[in-house]
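**Q** My structure is below; once you've seen it, I'll send some questions.
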Amino acid sequence: MKHLLPALLLSAAAHTFAADAPRAVPAQAPAGFPFAVETQILSENTYQVKITDRKTGKAQTIEDIVIFPGYIQGNTGSPVDIRDYNGDGHPDIAVRTVGGYTLPADELYIFNPATRQFEQVPDDKDFDTVGDVEITRKGCVRVEYKSSPRDYGRDNYCWKNGGWEPVKSPKKTKTSAKPKNR
């Protein structure tokens, strides 16, 4: 009986620590991708992404990512998308987060072949990362975002000279309707 109480306490403590451990969800990666990527669920609205270089064993962690409560539990996959966003032949990583006016957004992490690390686009660049990022063609993306409570915006960028450059959309000419003959 003396040993039963400590064993029960140890069992309860182990169960508590196991419940607090992050749940890991592997991300879908392209065939031959040289990194293991997993989403580590920290709470109902926070996660981190662990990226392990299969060649060197070196790990990189993208921490403290905030997402909508319930998004992770309601989604069976990972909130990580691995694709070649900048068209340089190396897959990059987009992580899902909360954007402006509580819309989903993507934060891009571009692969740097020299360091074998994924680097976030600097805030001082002309790239608005607080929106839904979609590849439009090789090396070019469209970022859709909410610019006010009632308005949406859309910006286009192409990867040139090691960075994102805004692409101006062609101006639309105003057309007026021809009056109908009666």
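The way I read the labels, and the way they are meant: chains A, B, ... in the order of the structure tokens, residue 1 as the first residue of every chain, and ligand 1 as the first ligand shown, with later ones counted on from there.
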Do you know which residues are at most 8 Å from Val143 (chain A) counting only C-alpha atoms, after dropping those on the same chain fewer than 3 positions away, and could you put them as number ranges by chain?
**A** A: 128-134, 154-156
**Q** I'd like to know which residues of region 81-147 of chain A are strand (DSSP E) (by DSSP, run on the backbone); could you write them as a PyMOL selection string?
**A** chain A and resi 81-83+92-98+104-112+117-120+132-137+140-146
**Q** Tell me, as a list in words, which residues lie within 12 Å of region 88-90 of chain A, counting only C-alpha atoms; anything in the same chain fewer than 4 positions away does not count.
**A**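 In the requested format, the answer is Ala29, Pro30, Gly32, Phe33, Pro34, Phe35, Ile82, Arg83, Asp84, Tyr109, Ile110, Phe111, Asn112, Pro113, Ala114, Arg116, Gln117, Phe118, Lys138, Gly139, Cys140, Cys158, Trp159, Lys160, Asn161, Gly162 and Gly163 of chain A.
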**Q** If we count only C-alpha atoms, what is near Gln48 (chain A) at a cut-off of 7 Å, once residues fewer than 5 positions away on the same chain are taken out, given as a PyMOL selection string?
**A** chain A and resi 39-41+61-65
**Q** CA of Gln60 (chain A) to CA of Asp126 (chain A): how many Å, to one decimal?
**A** 25.7 Å
**Q** Compare A:Asp106, A:Pro149, A:Glu119, A:Asn86 by their minimum atom-to-atom distance to Glu165 (chain A), counting only C-alpha atoms, and give me the closest one.
**A**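 Ranked by minimum distance to Glu165 (chain A), first place goes to A:Asn86.
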**Q** Applying 8 Å and only C-alpha atoms, which residues near Tyr157 (chain A) remain after dropping the ones on its own chain fewer than 6 positions away? List them as an mmCIF file with C-alpha atoms, in the first residue's frame.
**A**
data_model
loop_
_atom_site.group_PDB
_atom_site.id
_atom_site.type_symbol
_atom_site.label_atom_id
_atom_site.label_comp_id
_atom_site.auth_asym_id
_atom_site.auth_seq_id
_atom_site.Cartn_x
_atom_site.Cartn_y
_atom_site.Cartn_z
ATOM 1 C CA PHE A 127 5.549 42.757 -49.972
ATOM 2 C CA CYS A 140 4.797 35.405 -59.319
ATOM 3 C CA VAL A 141 2.121 35.513 -56.631
ATOM 4 C CA ARG A 142 -1.081 37.349 -55.801
ATOM 5 C CA TRP A 164 9.660 40.469 -54.353
ATOM 6 C CA GLU A 165 8.840 43.345 -56.676
ATOM 7 C CA PRO A 166 5.318 44.746 -57.017
ATOM 8 C CA VAL A 167 3.709 44.226 -60.397
#
**Q** Kindly indicate which residue among A:Val37, A:Val121, A:Ile67, A:Leu42 lies nearest to Val98 (chain A), using only C-alpha atoms for the distances.
**A**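 Going through A:Val37, A:Val121, A:Ile67, A:Leu42 one by one, the smallest distance to Val98 (chain A) is for A:Ile67.
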**Q** Separation of CA of Leu103 (chain A) and CA of Glu44 (chain A), in Å?
**A**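 Value for the CA of Leu103 (chain A)-CA of Glu44 (chain A) distance: 16.9 Å.
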**Q** CA of Pro69 (chain A) and CA of Glu38 (chain A) are how many Å apart?
**A**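 Computing the Euclidean distance for CA of Pro69 (chain A) and CA of Glu38 (chain A) yields 19.4 Å.
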